[in-house]
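Novice: As input, take coords.txt (compact mmCIF, C-alpha atoms and all ligand atoms):
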# COMPACT_ATOMS: atom_id res chain seq x y z
CA MET A 1 -31.56 112.94 -109.44
CA LYS A 2 -29.80 110.36 -111.61
CA SER A 3 -29.98 106.83 -110.28
CA LEU A 4 -28.56 103.58 -111.52
CA ALA A 5 -28.21 100.10 -110.13
CA VAL A 6 -25.22 97.84 -109.73
CA ALA A 7 -26.83 94.52 -110.68
CA LEU A 8 -25.39 91.83 -108.42
CA GLY A 9 -28.39 89.69 -107.48
CA GLU A 10 -29.00 89.85 -103.73
CA ARG A 11 -26.02 92.23 -103.38
CA SER A 12 -27.48 94.75 -105.88
CA TYR A 13 -27.55 98.38 -104.84
CA ASP A 14 -28.38 101.85 -106.12
CA ILE A 15 -26.09 104.75 -106.91
CA HIS A 16 -27.77 108.16 -106.62
CA ILE A 17 -26.16 111.31 -108.05
CA GLU A 18 -27.47 114.82 -107.45
CA GLN A 19 -26.10 118.26 -106.72
CA GLY A 20 -26.88 118.97 -103.04
CA LEU A 21 -27.83 115.35 -102.32
CA LEU A 22 -26.08 115.38 -98.93
CA GLY A 23 -28.74 117.78 -97.66
CA ARG A 24 -31.47 115.20 -98.24
CA ALA A 25 -29.53 112.01 -97.62
CA GLY A 26 -31.85 111.22 -94.69
CA ASP A 27 -34.75 110.58 -97.11
CA LEU A 28 -32.72 107.93 -98.96
CA VAL A 29 -31.02 106.38 -95.94
CA GLY A 30 -34.19 106.26 -93.82
CA PRO A 31 -35.88 103.32 -95.60
CA LEU A 32 -32.69 101.24 -95.14
CA VAL A 33 -31.86 101.98 -91.51
CA GLY A 34 -35.35 102.34 -90.04
CA LYS A 35 -35.14 103.49 -86.41
CA ARG A 36 -31.52 102.36 -85.82
CA PRO A 37 -28.80 104.95 -85.29
CA VAL A 38 -25.92 105.06 -87.80
CA VAL A 39 -22.21 105.61 -87.34
CA ILE A 40 -20.57 107.98 -89.83
CA VAL A 41 -16.83 107.53 -90.31
CA ALA A 42 -15.48 110.71 -91.87
CA ASP A 43 -12.23 112.16 -93.09
CA ARG A 44 -11.23 115.14 -90.91
CA ASN A 45 -11.03 117.32 -94.02
CA VAL A 46 -14.74 116.96 -94.72
CA ALA A 47 -16.10 118.31 -91.44
CA VAL A 48 -18.37 120.74 -93.26
CA HIS A 49 -19.97 117.90 -95.26
CA LEU A 50 -20.24 115.78 -92.11
CA SER A 51 -22.34 118.43 -90.49
CA THR A 52 -24.64 118.70 -93.56
CA LEU A 53 -25.06 114.93 -93.58
CA ARG A 54 -25.77 114.69 -89.85
CA GLY A 55 -28.27 117.53 -90.14
CA SER A 56 -30.14 115.79 -92.92
CA LEU A 57 -30.18 112.46 -91.04
CA ALA A 58 -31.44 114.21 -87.90
CA ALA A 59 -34.21 115.88 -89.90
CA ALA A 60 -35.29 112.41 -91.02
CA GLY A 61 -35.27 111.19 -87.41
CA ILE A 62 -32.03 109.20 -87.71
CA ALA A 63 -29.56 109.54 -84.81
CA SER A 64 -25.88 109.46 -85.74
CA GLU A 65 -22.47 109.12 -84.10
CA ALA A 66 -19.39 110.42 -85.89
CA ILE A 67 -15.86 109.08 -85.92
CA GLU A 68 -13.34 111.41 -87.57
CA LEU A 69 -10.10 109.96 -88.94
CA PRO A 70 -6.89 111.57 -90.17
CA ALA A 71 -6.67 112.30 -93.90
CA GLY A 72 -4.25 110.59 -96.24
CA GLU A 73 -3.16 107.22 -97.57
CA ALA A 74 -1.46 106.30 -94.26
CA THR A 75 -4.96 105.88 -92.77
CA LYS A 76 -5.41 102.68 -94.81
CA SER A 77 -3.37 100.80 -92.20
CA TRP A 78 -3.64 97.95 -89.68
CA ASP A 79 -3.39 100.48 -86.82
CA GLN A 80 -6.33 102.52 -88.06
CA LEU A 81 -8.33 99.37 -88.84
CA ILE A 82 -7.84 98.06 -85.29
CA ALA A 83 -8.72 101.43 -83.74
CA LEU A 84 -11.79 101.77 -85.96
CA THR A 85 -13.19 98.30 -85.34
CA ASP A 86 -12.63 98.71 -81.57
CA ARG A 87 -14.50 102.03 -81.66
CA LEU A 88 -17.37 100.56 -83.69
CA LEU A 89 -17.65 97.72 -81.15
CA ASP A 90 -17.64 100.26 -78.29
CA LEU A 91 -20.50 102.05 -80.00
CA GLY A 92 -22.48 98.80 -80.04
CA VAL A 93 -22.78 98.45 -83.81
CA GLU A 94 -24.84 95.40 -84.70
CA ARG A 95 -24.39 93.24 -87.79
CA SER A 96 -27.55 94.57 -89.40
CA ASP A 97 -26.61 98.22 -88.73
CA TYR A 98 -25.31 100.65 -91.35
CA ILE A 99 -21.92 102.34 -91.18
CA ILE A 100 -21.52 105.37 -93.43
CA ALA A 101 -18.16 106.15 -95.09
CA LEU A 102 -17.90 109.89 -95.76
CA GLY A 103 -14.74 110.95 -97.57
CA GLY A 104 -12.41 109.93 -100.37
CA GLY A 105 -11.19 106.51 -101.42
CA VAL A 106 -9.05 106.13 -98.31
CA ILE A 107 -12.05 106.34 -95.97
CA GLY A 108 -14.22 104.24 -98.32
CA ASP A 109 -11.64 101.44 -98.59
CA LEU A 110 -10.89 101.38 -94.84
CA VAL A 111 -14.49 101.63 -93.65
CA GLY A 112 -15.64 99.09 -96.26
CA PHE A 113 -13.05 96.63 -94.99
CA ALA A 114 -13.97 97.29 -91.35
CA ALA A 115 -17.62 96.67 -92.26
CA ALA A 116 -16.66 93.47 -94.09
CA ILE A 117 -15.01 91.94 -91.03
CA LEU A 118 -16.94 93.46 -88.10
CA LYS A 119 -19.24 90.76 -86.73
CA ARG A 120 -18.46 88.89 -90.00
CA GLY A 121 -20.07 91.55 -92.13
CA CYS A 122 -22.06 94.70 -91.40
CA ASN A 123 -23.83 96.96 -93.88
CA PHE A 124 -22.17 100.10 -95.14
CA ILE A 125 -23.09 103.08 -97.29
CA GLN A 126 -20.62 104.99 -99.43
CA VAL A 127 -20.88 108.79 -99.45
CA PRO A 128 -17.84 109.73 -101.54
CA THR A 129 -16.57 113.31 -101.41
CA SER A 130 -13.49 113.24 -103.68
CA LEU A 131 -13.73 113.06 -107.47
CA LEU A 132 -11.77 109.81 -107.43
CA ALA A 133 -14.17 108.23 -104.96
CA GLN A 134 -17.23 109.54 -106.84
CA VAL A 135 -16.08 108.08 -110.17
CA ASP A 136 -14.45 104.88 -108.99
CA SER A 137 -13.70 103.70 -105.46
CA SER A 138 -17.21 104.02 -103.95
CA VAL A 139 -18.58 101.50 -106.45
CA GLY A 140 -17.71 97.83 -106.82
CA GLY A 141 -16.94 96.63 -103.31
CA LYS A 142 -13.14 96.41 -103.38
CA THR A 143 -12.11 97.28 -99.81
CA ALA A 144 -8.61 97.11 -98.37
CA ILE A 145 -5.73 98.46 -96.35
CA ASN A 146 -2.09 98.75 -97.42
CA THR A 147 0.76 96.77 -95.80
CA PRO A 148 4.51 97.42 -95.88
CA ALA A 149 4.64 94.94 -98.79
CA GLY A 150 2.31 96.96 -100.98
CA LYS A 151 -0.98 98.44 -101.97
CA ASN A 152 -4.37 97.01 -100.93
CA LEU A 153 -2.78 93.68 -99.98
CA VAL A 154 -5.21 92.89 -97.16
CA GLY A 155 -8.87 93.36 -97.93
CA ALA A 156 -12.17 91.87 -98.99
CA PHE A 157 -14.86 92.18 -101.61
CA HIS A 158 -17.75 93.73 -99.69
CA GLN A 159 -20.41 95.66 -101.57
CA PRO A 160 -22.00 98.80 -100.12
CA ALA A 161 -25.75 98.91 -99.61
CA MET A 162 -26.04 102.27 -101.38
CA VAL A 163 -23.84 104.98 -102.90
CA LEU A 164 -24.83 108.64 -102.49
CA ILE A 165 -22.91 111.06 -104.70
CA ASP A 166 -23.21 114.80 -104.20
CA PRO A 167 -20.99 116.51 -106.80
CA ALA A 168 -21.33 119.78 -104.85
CA THR A 169 -18.90 118.37 -102.25
CA LEU A 170 -16.19 118.75 -104.91
CA ASP A 171 -16.35 122.53 -104.44
CA THR A 172 -14.11 122.14 -101.38
CA LEU A 173 -11.73 119.59 -102.94
CA PRO A 174 -8.22 120.96 -103.70
CA PRO A 175 -7.36 121.26 -107.44
CA ARG A 176 -4.57 118.67 -107.20
CA GLU A 177 -7.11 116.13 -105.91
CA ILE A 178 -9.52 116.99 -108.74
CA ARG A 179 -6.74 116.27 -111.22
CA ALA A 180 -5.86 112.99 -109.50
CA GLY A 181 -9.50 111.84 -109.61
CA TYR A 182 -9.71 112.83 -113.26
CA ALA A 183 -7.09 110.18 -114.10
CA GLU A 184 -9.61 107.46 -113.20
CA VAL A 185 -12.23 109.22 -115.39
CA VAL A 186 -9.92 109.13 -118.41
CA LYS A 187 -9.33 105.43 -117.63
CA TYR A 188 -12.90 104.51 -118.68
CA GLY A 189 -12.35 106.08 -122.12
CA LEU A 190 -9.06 104.25 -122.52
CA ILE A 191 -10.55 100.90 -121.49
CA ASP A 192 -13.37 100.54 -124.01
CA ASP A 193 -14.99 103.88 -124.85
CA PRO A 194 -13.05 105.96 -127.39
CA GLU A 195 -15.95 108.46 -127.71
CA PHE A 196 -15.73 109.12 -123.98
CA PHE A 197 -11.99 109.75 -124.37
CA ASP A 198 -12.85 112.30 -127.12
CA TRP A 199 -15.31 113.86 -124.64
CA CYS A 200 -12.55 114.03 -122.01
CA GLU A 201 -10.20 115.80 -124.41
CA ALA A 202 -12.92 118.31 -125.31
CA ASN A 203 -14.21 118.91 -121.76
CA CYS A 204 -11.23 118.51 -119.46
CA ASP A 205 -10.69 122.26 -119.09
CA VAL A 206 -14.28 123.08 -118.13
CA LEU A 207 -14.42 120.11 -115.79
CA MET A 208 -11.24 121.24 -114.02
CA ALA A 209 -12.65 124.77 -113.83
CA GLY A 210 -15.61 123.44 -111.84
CA ASN A 211 -18.36 123.27 -114.46
CA ALA A 212 -21.16 121.38 -112.72
CA GLY A 213 -22.60 119.85 -115.93
CA ALA A 214 -19.21 118.50 -117.02
CA ARG A 215 -18.54 117.05 -113.57
CA GLU A 216 -21.92 115.38 -113.39
CA HIS A 217 -21.50 113.91 -116.86
CA ALA A 218 -18.03 112.57 -115.99
CA ILE A 219 -19.33 111.04 -112.74
CA ALA A 220 -22.44 109.47 -114.28
CA ALA A 221 -20.56 108.05 -117.29
CA SER A 222 -17.80 106.68 -115.05
CA VAL A 223 -20.01 104.94 -112.52
CA ALA A 224 -22.21 103.54 -115.30
CA ALA A 225 -19.12 102.01 -116.92
CA LYS A 226 -17.84 100.67 -113.61
CA ALA A 227 -21.25 99.27 -112.61
CA ARG A 228 -21.49 97.41 -115.93
CA ILE A 229 -18.03 95.85 -115.58
CA VAL A 230 -18.48 94.94 -111.90
CA ALA A 231 -21.84 93.29 -112.66
CA GLU A 232 -20.10 91.10 -115.23
CA ASP A 233 -17.18 90.03 -113.03
CA GLU A 234 -17.69 91.01 -109.39
CA ARG A 235 -14.59 89.25 -108.02
CA GLU A 236 -12.16 89.80 -110.89
CA THR A 237 -12.14 86.16 -111.91
CA THR A 238 -12.74 86.30 -115.68
CA GLY A 239 -10.34 89.08 -116.64
CA LYS A 240 -13.20 91.52 -117.36
CA ARG A 241 -13.00 93.45 -114.07
CA ALA A 242 -9.20 93.46 -114.37
CA LEU A 243 -9.70 96.04 -117.16
CA LEU A 244 -10.42 98.54 -114.34
CA ASN A 245 -6.82 97.93 -113.29
CA LEU A 246 -5.45 99.67 -116.41
CA GLY A 247 -2.35 101.59 -115.35
CA HIS A 248 -2.43 100.14 -111.83
CA THR A 249 0.31 97.50 -112.08
CA PHE A 250 2.76 100.23 -113.04
CA GLY A 251 0.96 102.77 -110.83
CA HIS A 252 0.99 100.73 -107.62
CA ALA A 253 4.73 100.10 -108.11
CA LEU A 254 5.25 103.87 -108.40
CA GLU A 255 3.17 104.45 -105.26
CA ALA A 256 5.22 101.84 -103.39
CA ASP A 257 8.43 103.46 -104.59
CA THR A 258 7.28 106.86 -103.31
CA GLY A 259 6.21 105.36 -99.96
CA PHE A 260 2.40 105.79 -100.44
CA SER A 261 2.98 109.43 -99.63
CA GLU A 262 1.79 112.86 -100.70
CA ARG A 263 4.68 112.82 -103.19
CA LEU A 264 2.52 110.82 -105.59
CA LEU A 265 -1.25 110.48 -105.16
CA HIS A 266 -3.03 107.31 -106.31
CA GLY A 267 -4.65 109.05 -109.29
CA GLU A 268 -1.33 110.57 -110.30
CA ALA A 269 0.33 107.16 -110.15
CA VAL A 270 -2.49 105.70 -112.25
CA ALA A 271 -2.05 108.47 -114.85
CA ALA A 272 1.66 107.73 -115.13
CA GLY A 273 0.87 104.00 -115.16
CA MET A 274 -1.64 104.34 -118.01
CA ALA A 275 0.87 106.35 -120.06
CA LEU A 276 3.46 103.61 -119.38
CA ALA A 277 0.99 100.85 -120.36
CA PHE A 278 0.33 102.61 -123.67
CA ALA A 279 4.03 103.33 -124.26
CA TYR A 280 4.86 99.67 -123.54
CA SER A 281 2.06 98.55 -125.90
CA ALA A 282 3.41 100.84 -128.65
CA ARG A 283 6.97 99.59 -128.12
CA ALA A 284 5.71 96.00 -128.41
CA GLY A 285 4.00 96.89 -131.72
CA LEU A 286 0.53 96.31 -130.28
CA CYS A 287 -0.74 99.85 -130.75
CA ASP A 288 0.24 102.87 -132.89
CA GLU A 289 2.80 105.14 -131.32
CA ALA A 290 0.52 108.08 -132.22
CA GLU A 291 -2.17 106.65 -129.91
CA ALA A 292 0.29 106.34 -127.01
CA LYS A 293 1.44 109.91 -127.64
CA ARG A 294 -2.15 111.15 -127.69
CA VAL A 295 -2.81 109.54 -124.30
CA ALA A 296 0.35 111.03 -122.78
CA ALA A 297 -0.45 114.45 -124.25
CA HIS A 298 -3.94 114.48 -122.74
CA LEU A 299 -2.67 113.44 -119.31
CA ARG A 300 -0.04 116.20 -119.45
CA ALA A 301 -2.66 118.72 -120.54
CA ALA A 302 -4.73 117.71 -117.51
CA GLY A 303 -1.76 118.43 -115.24
CA LEU A 304 -1.06 114.75 -114.61
CA PRO A 305 2.23 112.84 -114.84
CA ASP A 306 2.76 110.98 -118.11
CA GLY A 307 5.64 108.70 -117.09
CA LEU A 308 8.41 108.01 -114.59
CA ALA A 309 10.12 111.39 -114.87
CA ALA A 310 6.95 113.42 -114.35
CA ALA A 311 5.96 111.13 -111.47
CA GLY A 312 9.28 111.91 -109.79
CA VAL A 313 10.43 108.28 -109.86
CA SER A 314 14.08 107.39 -110.37
CA ALA A 315 14.01 103.73 -109.30
CA SER A 316 15.44 101.06 -111.58
CA GLY A 317 13.30 98.74 -113.67
CA ARG A 318 14.34 95.89 -111.33
CA THR A 319 13.10 97.73 -108.22
CA LEU A 320 9.77 98.59 -109.83
CA VAL A 321 9.23 95.06 -111.15
CA ASP A 322 9.99 93.71 -107.66
CA HIS A 323 7.12 95.85 -106.32
CA MET A 324 4.89 94.43 -109.07
CA ARG A 325 5.44 90.86 -107.88
CA HIS A 326 2.96 91.59 -105.05
CA ASP A 327 0.21 92.44 -107.56
CA LYS A 328 -3.01 90.55 -106.83
CA LYS A 329 -3.33 89.57 -110.50
CA MET A 330 -0.17 87.44 -110.18
CA ALA A 331 -1.09 83.81 -110.93
CA ALA A 332 1.14 80.75 -111.16
CA GLY A 333 4.19 82.97 -111.09
CA THR A 334 3.16 85.14 -114.04
CA LEU A 335 1.77 88.64 -113.98
CA PRO A 336 -0.90 89.51 -116.55
CA PHE A 337 -0.87 93.14 -117.74
CA LEU A 338 -3.53 95.46 -119.07
CA LEU A 339 -2.22 96.47 -122.48
CA ALA A 340 -3.82 98.35 -125.36
CA ARG A 341 -4.33 97.91 -129.08
CA GLY A 342 -5.45 101.54 -129.18
CA ILE A 343 -7.56 104.07 -127.28
CA GLY A 344 -10.66 102.20 -126.08
CA GLN A 345 -9.07 98.84 -126.85
CA THR A 346 -7.54 97.70 -123.58
CA TYR A 347 -7.11 93.96 -123.08
CA PHE A 348 -5.81 91.49 -120.52
CA ASP A 349 -2.48 90.03 -121.69
CA ARG A 350 -1.23 86.91 -119.88
CA ASP A 351 1.98 86.64 -121.90
CA VAL A 352 4.02 89.58 -120.72
CA ASP A 353 7.60 88.82 -119.78
CA LEU A 354 8.61 90.70 -116.63
CA ALA A 355 12.22 90.87 -117.88
CA ASP A 356 10.91 92.78 -120.90
CA VAL A 357 8.90 95.14 -118.65
CA GLU A 358 12.07 95.74 -116.64
CA ALA A 359 14.06 96.56 -119.81
CA PHE A 360 11.25 98.87 -120.96
CA LEU A 361 11.24 100.72 -117.64
CA ASP A 362 15.02 101.06 -117.74
CA SER A 363 14.68 102.66 -121.18
CA CYS A 364 12.18 105.31 -119.96
CA PRO A 365 13.34 108.81 -119.01
CA ARG A 366 13.34 109.12 -115.23
CA ALA A 367 13.53 111.78 -112.54
N1 LIG A 401 -11.89 100.41 -103.91
C1 LIG A 401 -11.66 100.82 -105.15
O1 LIG A 401 -12.26 100.34 -106.11
C2 LIG A 401 -10.70 101.94 -105.38
C3 LIG A 401 -10.66 102.58 -106.62
C4 LIG A 401 -9.77 103.63 -106.80
C5 LIG A 401 -8.97 104.05 -105.75
N2 LIG A 401 -9.05 103.42 -104.57
C6 LIG A 401 -8.25 103.88 -103.42
O2 LIG A 401 -8.71 105.19 -103.10
C7 LIG A 401 -7.64 105.92 -102.50
C8 LIG A 401 -7.53 107.27 -103.16
O3 LIG A 401 -8.75 107.94 -102.98
P1 LIG A 401 -8.78 109.54 -102.99
O4 LIG A 401 -8.04 110.06 -104.15
O5 LIG A 401 -10.18 109.94 -102.77
O6 LIG A 401 -7.88 109.88 -101.73
P2 LIG A 401 -8.25 110.39 -100.26
O7 LIG A 401 -9.32 109.62 -99.67
O8 LIG A 401 -6.94 110.48 -99.55
O9 LIG A 401 -8.81 111.85 -100.52
C9 LIG A 401 -7.97 112.79 -101.13
C10 LIG A 401 -7.77 114.03 -100.28
O10 LIG A 401 -8.90 114.86 -100.42
C11 LIG A 401 -9.46 115.15 -99.13
N3 LIG A 401 -10.89 115.30 -99.38
C12 LIG A 401 -11.77 114.34 -99.76
N4 LIG A 401 -12.95 114.91 -100.05
C13 LIG A 401 -12.82 116.22 -99.84
C14 LIG A 401 -13.67 117.35 -100.01
N5 LIG A 401 -14.91 117.21 -100.49
N6 LIG A 401 -13.21 118.56 -99.67
C15 LIG A 401 -11.93 118.72 -99.22
N7 LIG A 401 -11.06 117.72 -99.08
C16 LIG A 401 -11.50 116.49 -99.39
C17 LIG A 401 -9.01 114.06 -98.23
O11 LIG A 401 -8.95 114.48 -96.91
C18 LIG A 401 -7.61 113.77 -98.79
O12 LIG A 401 -6.72 114.72 -98.26
C19 LIG A 401 -6.39 105.09 -102.68
O13 LIG A 401 -6.07 104.45 -101.47
C20 LIG A 401 -6.79 104.06 -103.71
O14 LIG A 401 -6.08 102.86 -103.58
C21 LIG A 401 -9.88 102.37 -104.35
O1 LIG A 402 -12.48 98.34 -108.94
C1 LIG A 402 -11.52 97.80 -109.50
O2 LIG A 402 -11.56 96.61 -109.84
C2 LIG A 402 -10.30 98.57 -109.76
O3 LIG A 402 -9.28 97.99 -110.14
C3 LIG A 402 -10.35 100.04 -109.54
C4 LIG A 402 -9.01 100.69 -109.26
O4 LIG A 402 -9.11 102.05 -109.67
C5 LIG A 402 -8.63 100.70 -107.78
O5 LIG A 402 -7.49 101.48 -107.58
C6 LIG A 402 -8.51 99.37 -107.10
O6 LIG A 402 -8.45 99.52 -105.70
C7 LIG A 402 -7.27 98.61 -107.51
O7 LIG A 402 -7.46 97.30 -107.14
P1 LIG A 402 -6.31 96.29 -106.78
O8 LIG A 402 -7.01 94.99 -106.84
O9 LIG A 402 -5.23 96.42 -107.81
O10 LIG A 402 -5.82 96.65 -105.43
ZN ZN A 403 -7.39 103.18 -108.96
For this file, produce the structure as structure tokens.
Ligand SMILES: NC(=O)c1ccc[n+]([C@@H]2O[C@H](COP(=O)([O-])OP(=O)(O)OC[C@H]3O[C@@H](n4cnc5c(N)ncnc54)[C@H](O)[C@@H]3O)[C@@H](O)[C@H]2O)c1
Ligand SMILES: O=C(O)C(=O)C[C@@H](O)[C@H](O)[C@H](O)COP(=O)(O)O
Ligand SMILES: [Zn+2]

Specialist:
Amino acid sequence: MKSLAVALGERSYDIHIEQGLLGRAGDLVGPLVGKRPVVIVADRNVAVHLSTLRGSLAAAGIASEAIELPAGEATKSWDQLIALTDRLLDLGVERSDYIIALGGGVIGDLVGFAAAILKRGCNFIQVPTSLLAQVDSSVGGKTAINTPAGKNLVGAFHQPAMVLIDPATLDTLPPREIRAGYAEVVKYGLIDDPEFFDWCEANCDVLMAGNAGAREHAIAASVAAKARIVAEDERETTGKRALLNLGHTFGHALEADTGFSERLLHGEAVAAGMALAFAYSARAGLCDEAEAKRVAAHLRAAGLPDGLAAAGVSASGRTLVDHMRHDKKMAAGTLPFLLARGIGQTYFDRDVDLADVEAFLDSCPRA
């Protein structure tokens, strides 16, 4: 088993990664929960993994209740949050109890937010089952729901007490979801690790084909990078954590434009957004055009969208920039962007003119 810590003082926690870990989760959860029962909130698509998890908790003497929620981005909503918190209250969850989030980023973000506000803050454990959640969303404590105005606009920073990653759960994940999660893997190379981007180019095919070693390496490298950045800037106040938002200002606007629907998954929107961030950086003379082309080529090779056209977006630059005005990085009326001087050289730029972004978007080929 590989283990690493997210170092956040009294909010520090461990991330454990092992093939088949779900089957012995009870051994790791037991010392935290003691004799108290746990509530597992699971995505309906992961019923098979729910039963493995419950079996392993039962074997360790831990009673569990399960709440199964519908799959998909629409679950990150006020309605689902209200229903979930009411159900948790009905079940008698106490502040010191542990709620387990079993599923992808949607379940993790919703359950994390419910745990943050229930009784002013309960404990929760992340058991991510999608590649995206295993490499990104289960770590770092950003929790949220969407609102009609945009992505993740109501939420809280609330760190999990533990993250249990079983890469074997990916065997049941549809290929499109593997590709979407892979976009957030590539992100770490683009942020500050050019060697990892080289590794991605060399290993993407075997990873997509299900090679366990490649998947484990991608997961371990990703969460190590995220843990390091989160430990430096837990609440995104210095600009360091904002690096993890590479591709997201563009990406969230694309998700809003496609109605947070199956038409464009979060990871797909992030892929298109990263390609746009590099293309914008190249157009502004900040990075070589060859670097931007290399990024787009790799995303295409991975079966991911590399811009507006491939993302199926036809909206005008004005419409997309209007979506961006809800971005949580907006400060004093200006929107900082994550731009790049090259692969592995992403930086936080506070001097981007939204009119210029709009003109850039209008110049991009679209659907
Ligand atoms: N909090 C953060 O730091 C953070 C980081 C990145 C993304 N996110 C959020 O995460 C969400 C995207 O997460 P996601 O891509 O995991 O989406 P998701 O939770 O919708 O899961 C993707 C799909 O895969 C299914 N699924 C999950 N695990 C499965 C498995 N093992 N077998 C079969 N099916 C499985 C789900 O039912 C769903 O249909 C977005 O809302 C995004 O905003 C949050
Ligand atoms: O953990 C972070 O910080 C990230 O930005 C990770 C992103 O992949 C993730 O999609 C996050 O939810 C986006 O955050 P937001 O603050 O732009 O909603
Ligand atoms: Zn993301």

Novice: Find the residue from A:Cys287, A:Ala180, A:Leu299, A:Val321 that sits nearest to ligand ZN 403 (chain A); use only C-alpha atoms and all ligand atoms when measuring.

Specialist: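 Looking at the shortest contact to ligand ZN 403 (chain A), the residue is A:Ala180.
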
Novice: Give me, as a PDB file with C-alpha atoms, keeping the file's coordinate frame, all polymer residues having an atom no more than 10 Å from Ile343 in chain A, counting only C-alpha atoms and skipping those fewer than 4 positions away in the same chain.

Specialist:
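Generated file (around-v6.pdb):
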ATOM      1  CA  LYS A 187      -9.330 105.430-117.630  1.00  0.00           C
ATOM      2  CA  GLY A 189     -12.350 106.080-122.120  1.00  0.00           C
ATOM      3  CA  LEU A 190      -9.060 104.250-122.520  1.00  0.00           C
ATOM      4  CA  ILE A 191     -10.550 100.900-121.490  1.00  0.00           C
ATOM      5  CA  ASP A 192     -13.370 100.540-124.010  1.00  0.00           C
ATOM      6  CA  ASP A 193     -14.990 103.880-124.850  1.00  0.00           C
ATOM      7  CA  PRO A 194     -13.050 105.960-127.390  1.00  0.00           C
ATOM      8  CA  GLU A 195     -15.950 108.460-127.710  1.00  0.00           C
ATOM      9  CA  PHE A 197     -11.990 109.750-124.370  1.00  0.00           C
ATOM     10  CA  ASP A 198     -12.850 112.300-127.120  1.00  0.00           C
ATOM     11  CA  PHE A 278       0.330 102.610-123.670  1.00  0.00           C
ATOM     12  CA  CYS A 287      -0.740  99.850-130.750  1.00  0.00           C
ATOM     13  CA  ASP A 288       0.240 102.870-132.890  1.00  0.00           C
ATOM     14  CA  GLU A 291      -2.170 106.650-129.910  1.00  0.00           C
ATOM     15  CA  ALA A 292       0.290 106.340-127.010  1.00  0.00           C
ATOM     16  CA  ARG A 294      -2.150 111.150-127.690  1.00  0.00           C
ATOM     17  CA  VAL A 295      -2.810 109.540-124.300  1.00  0.00           C
TER      18      VAL A 295
END

Novice: Using all atoms listed in the file, can you tell me which of A:Ala58, A:Ala25, A:Val206, A:Ile145 comes closest to ligand LIG 401 (chain A)?

Specialist: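 Of the candidates, the smallest distance to ligand LIG 401 (chain A) is held by A:Ile145.
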
Novice: Using all atoms listed in the file, find each protein or nucleic acid residue lying at most 7 Å from ligand LIG 402 (chain A); present the set as number ranges by chain.

Specialist: A: 136-137, 140, 142, 151-153, 184, 236, 241-242, 244-245, 248, 327-328

Novice: What would the file look like if the residues just selected were written as a short mmCIF file (atom, residue, chain, number, x, y, z; two decimals), in the frame of the given file with C-alpha atoms?

Specialist:
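In the end it all went to result-v2.cif:
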data_model
loop_
_atom_site.label_atom_id
_atom_site.label_comp_id
_atom_site.auth_asym_id
_atom_site.auth_seq_id
_atom_site.Cartn_x
_atom_site.Cartn_y
_atom_site.Cartn_z
CA ASP A 136 -14.45 104.88 -108.99
CA SER A 137 -13.70 103.70 -105.46
CA GLY A 140 -17.71 97.83 -106.82
CA LYS A 142 -13.14 96.41 -103.38
CA LYS A 151 -0.98 98.44 -101.97
CA ASN A 152 -4.37 97.01 -100.93
CA LEU A 153 -2.78 93.68 -99.98
CA GLU A 184 -9.61 107.46 -113.20
CA GLU A 236 -12.16 89.80 -110.89
CA ARG A 241 -13.00 93.45 -114.07
CA ALA A 242 -9.20 93.46 -114.37
CA LEU A 244 -10.42 98.54 -114.34
CA ASN A 245 -6.82 97.93 -113.29
CA HIS A 248 -2.43 100.14 -111.83
CA ASP A 327 0.21 92.44 -107.56
CA LYS A 328 -3.01 90.55 -106.83
#

Novice: Residues up to 7 Å from ligand LIG 401 (chain A), counting all atoms listed in the file: could you list those as number ranges by chain?

Specialist: A: 43-46, 71-73, 76, 103-107, 109, 129-133, 136-143, 151-152, 169-174, 177, 180-181, 265-267

Novice: Between CA of Asp205 in chain A and CA of Val186 in chain A, measure the distance and give it in Å to one decimal.

Specialist: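 Atom-to-atom, CA of Asp205 in chain A and CA of Val186 in chain A are spaced 13.2 Å apart.
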
Novice: So which residues are close to (-26.0, 113.1, -104.0), meaning at most 7 Å away in the file's coordinates with only C-alpha atoms counted, and can you show them as a list in words?

Specialist: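 Those residues lying close to the given coordinates are His16, Ile17, Glu18, Gln19, Gly20, Leu21, Leu22, Leu164, Ile165, Asp166 and Pro167 of chain A.
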
Novice: How many Å separate CA of Ala156 in chain A from CA of Thr75 in chain A?

Specialist: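 For CA of Ala156 in chain A relative to CA of Thr75 in chain A, the distance reads 16.9 Å.
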
Novice: What's the separation between CA of Leu286 in chain A and CA of Ala340 in chain A, in Å to one decimal place?

Specialist: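 Result for CA of Leu286 in chain A versus CA of Ala340 in chain A: 6.9 Å, one decimal.
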
Novice: For Lys329 in chain A, which residue out of A:Leu246, A:Ala297, A:Ala367, A:Ala115 is the nearest one, using all atoms listed in the file?

Specialist: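 For Lys329 in chain A, the nearest of the given residues is A:Leu246.
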
Novice: Give me the residues near Asp351 in chain A as a PDB file with C-alpha atoms, keeping the file's coordinate frame, where near means some atom within 10 Å (using only C-alpha atoms) and where sequence neighbours in that chain fewer than 3 positions away do not count.

Specialist:
ATOM      1  CA  THR A 334       3.160  85.140-114.040  1.00  0.00           C
ATOM      2  CA  LEU A 335       1.770  88.640-113.980  1.00  0.00           C
ATOM      3  CA  PRO A 336      -0.900  89.510-116.550  1.00  0.00           C
ATOM      4  CA  PHE A 337      -0.870  93.140-117.740  1.00  0.00           C
ATOM      5  CA  PHE A 348      -5.810  91.490-120.520  1.00  0.00           C
ATOM      6  CA  LEU A 354       8.610  90.700-116.630  1.00  0.00           C
TER       7      LEU A 354
END
